[in-house]
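Have a look at the structure below, then the notes.
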Protein chains: 2
Amino acid sequence: MLRTHRCSELRLKNKGENVVLSGWVKKTRDLGGMTFIDLRDRYGITQLVFDMDQDENLCTKARKLGREYVIQVKGEVRERSNKNPNIPTGDIEISAKELSVLNESKTPPFTIEDETDGGEELRMKYRYLDLRRNINQRNIKLRHQLALEIRKYLSTNDFLEIETPYLIKSTPEGARDFVVPSRLHPGEFYALPQSPQTFKQLLMISGYDRYFQVVRCFRDEDFRADRQPEFTQIDCEMSFVERQDIFNIFEGMCKHIFKEIKNIDLPEVRLMSWDNALKYYGTDKPDIRFGMEFVELNDIAQNKGFKVFDSVELVVGINAKGCAGYSRKQLDKLTDFVKRPQIGAKGLVYVKYNDDGSFKSSVDKFFTRDDLKKWAERFNAKPGDLMLLLAGDKMHVRKQLSELRLEMGDQLNLRKRDEFAPLWIVDFPLLEWDEENERYHAMHHPFTAAHHEDTRLLEIEPEKARANAYDFVINGVEVGGGSIRIHDHDTQQKMFNALGFTKEEAEKQFGFLLKAFEYGAPPHGGIAFGFDRLVALFGGTDSIRDYIAFPKNNAGRDIMIDSPATITEMQLNELSLKVH
Amino acid sequence: MLRTHRCSELRLKNKGENVVLSGWVKKTRDLGGMTFIDLRDRYGITQLVFDMDQDENLCTKARKLGREYVIQVKGEVRERSNKNPNIPTGDIEISAKELSVLNESKTPPFTIEDETDGGEELRMKYRYLDLRRNINQRNIKLRHQLALEIRKYLSTNDFLEIETPYLIKSTPEGARDFVVPSRLHPGEFYALPQSPQTFKQLLMISGYDRYFQVVRCFRDEDFRADRQPEFTQIDCEMSFVERQDIFNIFEGMCKHIFKEIKNIDLPEVRLMSWDNALKYYGTDKPDIRFGMEFVELNDIAQNKGFKVFDSVELVVGINAKGCAGYSRKQLDKLTDFVKRPQIGAKGLVYVKYNDDGSFKSSVDKFFTRDDLKKWAERFNAKPGDLMLLLAGDKMHVRKQLSELRLEMGDQLNLRKRDEFAPLWIVDFPLLEWDEENERYHAMHHPFTAAHHEDTRLLEIEPEKARANAYDFVINGVEVGGGSIRIHDHDTQQKMFNALGFTKEEAEKQFGFLLKAFEYGAPPHGGIAFGFDRLVALFGGTDSIRDYIAFPKNNAGRDIMIDSPATITEMQLNELSLKVH
């Protein structure tokens with residue numbers, strides 16, 4: 001090794017030892033006859049001292065070192081006169097006796113600091129320098145630890161990690177596939193998997209019973225912020241299970257990783273129907289770290305002459321506890337918030353329940369004190385509270401109020417960083433109607449089973465069938481989702497019918513799975529966790545890009561290696577392809 | 001759960017318990033008024049008993065079950081009258097009280113047995129049934145265990161598993177890339193990585209210091225037996241290391257997995273130069289479980305009038321100890337063996353050193369007893385030994401003799417299944433001359449450093465430079481390979497020059513790496529293990545396909561899902577591609 005110790009390791013107890021360190025020059029300071037260098041590696045920082053009086057040549061050499069030079073230093077550990085309590089090695093320094101420059105460095109285009117001066121584009125271009133920053137090192141390490149703990153937990157529970165192929169077959173259903181032209185079979189293509197869904201189901205048919213895989217998945221989407229064309233899933237499947245069995249195992253997994261990584265005891269996981277999630281939180285991934293549930297007021301707020309309310313499908317609001325003192329300005333800001341184009345409300349109605357028991361609202365003209373008193377009862381509001389109401393068609397108004405609820409949660413500091421509130425959302429609709437193409441889409445995917453008692457609906461009122469599907473939500477982030485699967489040929493065929501597949505299409509795309517169902521497929525179900533998002537949740541920031549070593553930008557480009565790029569004519573010819 | 005126990009779990013101590021089992025019908029036997037069923041799951045087999053006298057309906061239902069039906073049975077554990085000592089549950093059986101058919105099964109196209117009646121093509125088509133066989137379940141589980149133990153070992157040693165991208169950029173150097181057309185950037189392509197080589201080097205530049213990844217790699221090769229277009233590597237890299245540091249860590253890794261998985265103490269790892277490997281074993285991956293080293297005889301076997309020897313570059317042989325008693329027929333078979341077209345020798349010379357001290361050889365006409373005596377001394381042969389000689393040009397004759405040596409190793413039972421002899425091969429040539437294209441190729445890859453003292457040769461006599469590269473060989477199988485890398489811009493540029501890259505080509509393909517070398521790249525090196533091959537070595541069979549859940553055939557097809565396949569016109573149009 002080109003070092004005897006790491007830059008995080010030495011302490012006072014090592015005083016007098018001769019050591020060798022290697023690392024990057026983080027900072028150089030010349031103070032009179034002394035030169036101090038902070039030497040950095042992945043593990044920490046150690047101070048080096050070069051003394052003009054002791055060795056002029058060596059010190060002069062040290063003074064020429066630039067930021068991010070890679071050096072090796074031999075020297076003696078000694079006690080610092082000026083200790084630094086902020087770093088673990090702050091009691092000591094290395095009195096340098098030899099110095100080798102292992103590699104030089106140009107001045108980096110941005111500072112390698114937590115608060116860097118480099119913009120995102122520049123940092124992505126020099127991602128290898130960006131990755132030297134503490135914050136990124138922490139994120140990459142966190143990702144490693146999480147994956148390892150998940151593997152340990154699942155392995156201890158008899159799951160086998162089984163690698164499924166990356167070169168598979170394109171199925172135009174759902175999102176777009178990335179395809180891979182075959183040179184040896186001209187005109188034919190492999191596809192990269194959007195998930196190993198069918199393969200993990202085949203593994204259940206093979207009897208593997210408890211499967212998982214930390215696996216890359218690919219989706220050729222039109223680019224959106226914070227979506228990556230390749231992403232990582234914790235993909236899992238079990239046989240001979242019912243929904244509750246899946247819940248038990250994966251609640252256990254989440255408890256395990258929260259305990260191991262964050263030393264947090266994850267609270268009990270709540271269960272909420274999709275209907276209730278929308279009704280009380282306006283979203284299928286509610287943040288339940290705080291209450292502030294929606295309250296519907298149609299029966300007591302409509303037909304009082306206020307047209308904005310009278311003409312709509314839903315009048316609904318939340319109670320912002322203790323906010324009756326909000327100023328005009330604060331209320332205007334909230335109104336502006338809900339009127340932003342991304343949210344799109346027309347306006348915001350407020351009712352202050354003042355400390356003295358009186359009401360002050362933006363709709364005083366239309367509603368009496370008694371009316372507002374009734375509202376307050378419905379909201380379970382107390383003097384000092386602020387009621388905020390929106391009106392509109394169900395789908396939109398719920399979404400808008402959901403955003404406002406989160407905003408109020410932030411304002412009232414109810415969304416605490418170190419608090420985690422997990423939740424299963426269940427009883428999704430099995431299908432959703434696609435107006436544009438006049439057909440049903442599977443809300444999860446075409447392999448999801450209906451609730452047992454709803455299976456018969458598939459042929460008569462398919463839109464009423466509830467899926468035996470579930471999403472796992474923590475703090476408003478959907479971290480996983482899955483379902484009990486169809487495991488028999490006939491039901492799967494019926495599902496394909498309901499989705500408008502012809503028999504031929506179903507056969508061409510999923511014939512191998514339909515056939516496999518005829519050879520003893522066991523009841524099974526599973527779940528997949530979005531690993532990038534799970535790490536981001538643990539890391540405490542929103543952008544998944546911060547947790548991917550080499551992410552692509554929003555246009556799907558890797559600007560560091562400059563990819564995608566053209567290929568040679570020879571390559572195109574070998575693939576029997578022409579670009580037009 | 002649809003079961004209270006697994007099919008491997010119940011013992012005499014469970015006698016009298018009411019249990020629920022689920023699994024597959026492996027075998028049904030009707031004996032008089034009783035029906036016996038072997039119920040199978042991933043974990044084992046349990047015998048079920050249905051009794052006509054006790055419940056006629058139930059027993060009749062059981063008699064109708066076909067092979068591979070999936071059933072659930074409730075019943076009572078009882079002691080068998082006729083115990084089966086061959087299976088762990090052989091002392092008990094389940095007296096069935098309820099039976100549910102969870103799914104039916106057509107008769108499988110082959111038997112789900114270790115010795116199946118299904119040919120490979122058929123088994124690949126129904127891979128999900130093939131995977132039910134014990135032998136495959138064992139292989140898939142072994143693969144899981146190995147990957148987990150490797151991860152544990154490396155993590156304990158501060159390695160971080162870091163995921164590198166699968167959608168990268170095509171570099172026409174080396175083997176062919178699979179490419180992925182970009183829809184959003186028409187005419188541009190991603191490529192799938194042949195290995196994460198450049199990314200792991202960038203991670204070293206980022207300071208990660210100890211990286212690994214169990215990672216899929218892709219190579220678009222013309223198909224050969226037992227090559228897969230996608231394969232898995234244990235990819236590793238370290239900074240601030242010299243060769244011996246890499247050896248220490250990865251010898252440790254191998255010792256760990258042999259101990260954990262096989263409870264074998266791996267012997268010390270030997271070190272052998274590439275020159276010596278070829279000279280003494282005729283191959284760069286010798287099986288050193290046994291000796292039988294090559295002995296060269298030019299000086300004492302040439303110029304004695306035997307033209308076959310006189311005209312060649314090398315006369316070389318091995319000593320098959322104790323084989324002087326080989327019959328005419330056995331010797332003819334050996335001659336046929338070396339003359340097979342895959343081996344291609346013209347003939348085989350033998351010399352029997354008889355127990356009475358006399359010699360009997362196929363070249364008695366040309367050599368005296370004294371001549372042969374000298375040979376015997378060179379071979380360190382004793383009475384009772386058999387010397388086998390080949391002659392020809394160095395490259396070919398060594399390869400031929402290497403095959404013969406392995407054959408004799410097999411015949412003498414010197415290649416024991418449960419013995420493992422690990423070996424580092426070092427000091428490879430850095431470059432090899434490509435006659436066809438009149439240029440040098442990197443023997444490992446263009447990022448491999450020369451031995452320090454040979455670096456200066458790169459510009460004057462490149463063919464003489466030795467690489468600081470190493471292969472890890474166990475029992476004649478190359479399980480891993482790596483090198484100390486070039487870590488400075490100028491040397492890398494010189495290497496590209498030596499390989500005939502123009503400055504522009506180097507810049508276009510590897511500009512990002514050359515640039516990264518300018519910002520403080522630390523000395524680094526690494527290794528990659530072929531995981532499929534490593535698992536096969538542990539599993540004790542040769543074909544890597546046996547250890548891959550869903551392998552492709554020799555033509556790169558997945559015949560189960562029928563891939564590659566055509567894609568729709570719409571897909572092609574979206575990709576701006578035409579097939580010609």
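Lettering and numbering for the structure tokens are positional, with chains as A, B, ... in the shown order, residues counted from 1 in each chain, and ligands counted from 1 in the shown order.
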
Taking only C-alpha atoms into account, report as a PyMOL selection string which residues of chain B lie within 6 Å of chain A. chain B and resi 1-2+42+68-70+103-106+128-129+131-132+144+160-161+169+179-180+187-190+202+206-207+240-241+512+518-520+561+563-566+576-580

Near Asn263 (chain A), counting only C-alpha atoms, which residues have an atom at most 12 Å away, once you skip same-chain residues fewer than 3 positions from it, shown as a PyMOL selection string? chain A and resi 254-260+266+418-419+538

Can you write just those residues out, all heavy atoms, as a short mmCIF file (atom, residue, chain, number, x, y, z; two decimals), in the first residue's frame?
```
data_model
loop_
_atom_site.label_atom_id
_atom_site.label_comp_id
_atom_site.auth_asym_id
_atom_site.auth_seq_id
_atom_site.Cartn_x
_atom_site.Cartn_y
_atom_site.Cartn_z
N CYS A 254 -38.30 -2.98 5.99
CA CYS A 254 -38.16 -1.54 6.21
C CYS A 254 -37.76 -1.25 7.65
O CYS A 254 -36.91 -0.39 7.91
CB CYS A 254 -39.44 -0.82 5.83
SG CYS A 254 -39.63 -0.76 4.04
N LYS A 255 -38.35 -2.00 8.58
CA LYS A 255 -37.93 -1.82 9.98
C LYS A 255 -36.45 -2.11 10.13
O LYS A 255 -35.73 -1.39 10.82
CB LYS A 255 -38.76 -2.73 10.89
CG LYS A 255 -40.12 -2.14 11.11
CD LYS A 255 -41.00 -2.94 12.04
CE LYS A 255 -42.34 -2.21 12.13
NZ LYS A 255 -43.44 -3.04 12.59
N HIS A 256 -36.02 -3.18 9.47
CA HIS A 256 -34.61 -3.57 9.57
C HIS A 256 -33.69 -2.45 9.07
O HIS A 256 -32.73 -2.08 9.75
CB HIS A 256 -34.38 -4.85 8.77
CG HIS A 256 -32.94 -5.26 8.69
ND1 HIS A 256 -32.31 -5.96 9.70
CD2 HIS A 256 -32.00 -5.06 7.73
CE1 HIS A 256 -31.05 -6.17 9.36
NE2 HIS A 256 -30.83 -5.64 8.17
N ILE A 257 -33.97 -1.91 7.89
CA ILE A 257 -33.04 -0.91 7.36
C ILE A 257 -33.11 0.40 8.14
O ILE A 257 -32.09 1.05 8.36
CB ILE A 257 -33.22 -0.66 5.83
CG1 ILE A 257 -34.65 -0.28 5.47
CG2 ILE A 257 -32.78 -1.88 5.06
CD1 ILE A 257 -34.87 -0.03 3.99
N PHE A 258 -34.28 0.77 8.63
CA PHE A 258 -34.35 1.99 9.44
C PHE A 258 -33.56 1.82 10.73
O PHE A 258 -32.88 2.72 11.18
CB PHE A 258 -35.81 2.38 9.73
CG PHE A 258 -36.39 3.27 8.67
CD1 PHE A 258 -37.13 2.75 7.63
CD2 PHE A 258 -36.17 4.64 8.71
CE1 PHE A 258 -37.66 3.57 6.64
CE2 PHE A 258 -36.69 5.47 7.72
CZ PHE A 258 -37.44 4.93 6.67
N LYS A 259 -33.65 0.63 11.30
CA LYS A 259 -32.93 0.37 12.54
C LYS A 259 -31.41 0.33 12.28
O LYS A 259 -30.64 0.99 12.98
CB LYS A 259 -33.40 -0.96 13.14
CG LYS A 259 -32.89 -1.24 14.54
CD LYS A 259 -33.54 -0.30 15.56
CE LYS A 259 -32.84 -0.34 16.90
NZ LYS A 259 -33.35 0.67 17.81
N GLU A 260 -31.01 -0.41 11.25
CA GLU A 260 -29.58 -0.61 11.01
C GLU A 260 -28.90 0.67 10.53
O GLU A 260 -27.78 0.96 10.91
CB GLU A 260 -29.36 -1.71 9.96
CG GLU A 260 -29.70 -3.11 10.43
CD GLU A 260 -28.82 -3.58 11.57
OE1 GLU A 260 -27.60 -3.29 11.52
OE2 GLU A 260 -29.33 -4.21 12.51
N LEU A 266 -39.05 2.18 13.27
CA LEU A 266 -40.13 2.61 12.37
C LEU A 266 -41.46 2.30 13.04
O LEU A 266 -41.66 1.21 13.55
CB LEU A 266 -40.01 1.85 11.04
CG LEU A 266 -40.78 2.43 9.87
CD1 LEU A 266 -40.18 3.76 9.43
CD2 LEU A 266 -40.77 1.46 8.69
N ASP A 418 -36.70 13.82 10.67
CA ASP A 418 -36.30 12.59 11.36
C ASP A 418 -37.50 11.76 11.78
O ASP A 418 -37.38 10.86 12.60
CB ASP A 418 -35.43 12.93 12.58
CG ASP A 418 -36.13 13.93 13.48
OD1 ASP A 418 -37.20 14.45 13.08
OD2 ASP A 418 -35.61 14.19 14.58
N GLU A 419 -38.66 12.07 11.21
CA GLU A 419 -39.85 11.31 11.54
C GLU A 419 -40.28 10.57 10.27
O GLU A 419 -40.23 11.15 9.19
CB GLU A 419 -40.94 12.29 11.97
CG GLU A 419 -41.95 11.72 12.95
CD GLU A 419 -43.00 12.76 13.28
OE1 GLU A 419 -42.62 13.84 13.78
OE2 GLU A 419 -44.18 12.50 13.00
N PHE A 538 -33.89 8.15 2.55
CA PHE A 538 -32.95 7.97 3.67
C PHE A 538 -31.97 9.14 3.74
O PHE A 538 -31.58 9.56 4.83
CB PHE A 538 -32.18 6.66 3.52
CG PHE A 538 -32.81 5.52 4.24
CD1 PHE A 538 -33.97 4.94 3.74
CD2 PHE A 538 -32.29 5.03 5.42
CE1 PHE A 538 -34.59 3.90 4.39
CE2 PHE A 538 -32.90 3.99 6.09
CZ PHE A 538 -34.05 3.42 5.57
#
```

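Comparing A:Ala467, A:Leu401, A:Leu388, A:Ile343 by their smallest distance to Asp427 (chain A), the closest is A:Ala467 (using only C-alpha atoms).
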
Could you name the residues that touch region 91-97 of chain A at 7 Å or less, counting only C-alpha atoms, but leaving out those on the same chain fewer than 3 positions away, as a VMD selection string? chain A and resid 11 to 12 46 to 50 73 to 80 83 to 84

Residue contacts of Ala391 (chain B) (10 Å, only C-alpha atoms) excluding same-chain residues fewer than 4 positions away, as a list in words: Glu296, Leu297, Asn298, Val308, Phe309, Asp310, Ser311, Val312, Glu313, Leu314, Val315, Val316, Gly317, Ala345, Lys346, Gly347, Leu348, Val349, His396, Val397, Arg398, Gln400 and Leu401 of chain B

Would you kindly return, as a list in words, each protein, DNA or RNA residue with an atom no farther than 9 Å from any atom of Thr28 (chain B), considering only C-alpha atoms and excluding same-chain residues fewer than 3 positions away? Val25, Thr35, Phe36, Ile37, Asp38, Ala62, Arg63, Leu65, Gly66 and Arg67 of chain B

How about saving the chosen residues, N, CA, C and O atoms kept, as a PDB file, in the first residue's frame?
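out_9.pdb, freshly written:
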```
ATOM      1  N   VAL B  25     -47.099 -31.832  -6.866  1.00  0.00           N
ATOM      2  CA  VAL B  25     -47.200 -33.293  -6.835  1.00  0.00           C
ATOM      3  C   VAL B  25     -46.038 -33.869  -7.633  1.00  0.00           C
ATOM      4  O   VAL B  25     -45.952 -33.682  -8.844  1.00  0.00           O
ATOM      5  N   THR B  35     -53.446 -44.042  -1.055  1.00  0.00           N
ATOM      6  CA  THR B  35     -52.738 -43.295  -2.094  1.00  0.00           C
ATOM      7  C   THR B  35     -51.638 -42.471  -1.430  1.00  0.00           C
ATOM      8  O   THR B  35     -51.904 -41.747  -0.462  1.00  0.00           O
ATOM      9  N   PHE B  36     -50.418 -42.641  -1.941  1.00  0.00           N
ATOM     10  CA  PHE B  36     -49.280 -41.896  -1.414  1.00  0.00           C
ATOM     11  C   PHE B  36     -48.862 -40.839  -2.425  1.00  0.00           C
ATOM     12  O   PHE B  36     -48.774 -41.107  -3.617  1.00  0.00           O
ATOM     13  N   ILE B  37     -48.622 -39.646  -1.919  1.00  0.00           N
ATOM     14  CA  ILE B  37     -48.163 -38.572  -2.806  1.00  0.00           C
ATOM     15  C   ILE B  37     -46.878 -37.977  -2.238  1.00  0.00           C
ATOM     16  O   ILE B  37     -46.791 -37.693  -1.044  1.00  0.00           O
ATOM     17  N   ASP B  38     -45.879 -37.841  -3.076  1.00  0.00           N
ATOM     18  CA  ASP B  38     -44.691 -37.073  -2.691  1.00  0.00           C
ATOM     19  C   ASP B  38     -44.951 -35.614  -3.050  1.00  0.00           C
ATOM     20  O   ASP B  38     -45.102 -35.276  -4.227  1.00  0.00           O
ATOM     21  N   ALA B  62     -57.606 -37.329  -4.665  1.00  0.00           N
ATOM     22  CA  ALA B  62     -56.144 -37.395  -4.697  1.00  0.00           C
ATOM     23  C   ALA B  62     -55.667 -38.248  -5.861  1.00  0.00           C
ATOM     24  O   ALA B  62     -54.647 -37.965  -6.487  1.00  0.00           O
ATOM     25  N   ARG B  63     -56.414 -39.307  -6.148  1.00  0.00           N
ATOM     26  CA  ARG B  63     -56.000 -40.210  -7.230  1.00  0.00           C
ATOM     27  C   ARG B  63     -56.056 -39.545  -8.593  1.00  0.00           C
ATOM     28  O   ARG B  63     -55.457 -40.002  -9.551  1.00  0.00           O
ATOM     29  N   LEU B  65     -55.058 -36.496  -9.152  1.00  0.00           N
ATOM     30  CA  LEU B  65     -54.016 -35.466  -9.288  1.00  0.00           C
ATOM     31  C   LEU B  65     -52.935 -35.908 -10.266  1.00  0.00           C
ATOM     32  O   LEU B  65     -52.495 -37.058 -10.232  1.00  0.00           O
ATOM     33  N   GLY B  66     -52.543 -35.001 -11.117  1.00  0.00           N
ATOM     34  CA  GLY B  66     -51.475 -35.323 -12.059  1.00  0.00           C
ATOM     35  C   GLY B  66     -50.139 -34.804 -11.568  1.00  0.00           C
ATOM     36  O   GLY B  66     -50.080 -34.020 -10.619  1.00  0.00           O
ATOM     37  N   ARG B  67     -49.095 -35.238 -12.213  1.00  0.00           N
ATOM     38  CA  ARG B  67     -47.758 -34.737 -11.894  1.00  0.00           C
ATOM     39  C   ARG B  67     -47.732 -33.222 -12.020  1.00  0.00           C
ATOM     40  O   ARG B  67     -48.314 -32.668 -12.952  1.00  0.00           O
TER      41      ARG B  67
END
```

Quick one: DSSP helix (DSSP H, G or I) residues in region 288-348 of chain B, as a VMD selection string? chain B and resid 298 to 301 307 to 310 328 to 339

Shell around Tyr470 (chain A) at 7 Å using only C-alpha atoms, local window under 4 positions removed, as an mmCIF file with N, CA, C and O atoms, in the first residue's frame:
```
data_model
loop_
_atom_site.group_PDB
_atom_site.id
_atom_site.type_symbol
_atom_site.label_atom_id
_atom_site.label_comp_id
_atom_site.auth_asym_id
_atom_site.auth_seq_id
_atom_site.Cartn_x
_atom_site.Cartn_y
_atom_site.Cartn_z
ATOM 1 N N TRP A 424 -49.519 1.586 3.940
ATOM 2 C CA TRP A 424 -49.909 0.806 2.752
ATOM 3 C C TRP A 424 -51.161 1.437 2.156
ATOM 4 O O TRP A 424 -52.132 1.672 2.884
ATOM 5 N N ILE A 425 -51.155 1.689 0.882
ATOM 6 C CA ILE A 425 -52.376 2.078 0.176
ATOM 7 C C ILE A 425 -52.886 0.827 -0.532
ATOM 8 O O ILE A 425 -52.118 0.151 -1.239
ATOM 9 N N VAL A 426 -54.159 0.516 -0.336
ATOM 10 C CA VAL A 426 -54.709 -0.720 -0.921
ATOM 11 C C VAL A 426 -56.001 -0.447 -1.674
ATOM 12 O O VAL A 426 -56.506 0.680 -1.664
ATOM 13 N N GLY A 481 -44.340 -0.674 -4.701
ATOM 14 C CA GLY A 481 -45.684 -1.063 -5.095
ATOM 15 C C GLY A 481 -45.687 -2.480 -5.602
ATOM 16 O O GLY A 481 -44.670 -2.969 -6.089
ATOM 17 N N GLY A 482 -46.824 -3.130 -5.456
ATOM 18 C CA GLY A 482 -46.901 -4.504 -5.945
ATOM 19 C C GLY A 482 -48.307 -5.018 -5.900
ATOM 20 O O GLY A 482 -49.251 -4.244 -5.712
ATOM 21 N N SER A 483 -48.430 -6.312 -6.090
ATOM 22 C CA SER A 483 -49.767 -6.904 -6.116
ATOM 23 C C SER A 483 -49.688 -8.413 -5.961
ATOM 24 O O SER A 483 -48.623 -9.008 -6.122
#
```

I'd like the interatomic distance between CA of Gln233 (chain A) and CA of Phe247 (chain A), to a tenth of an Å. 17.8 Å
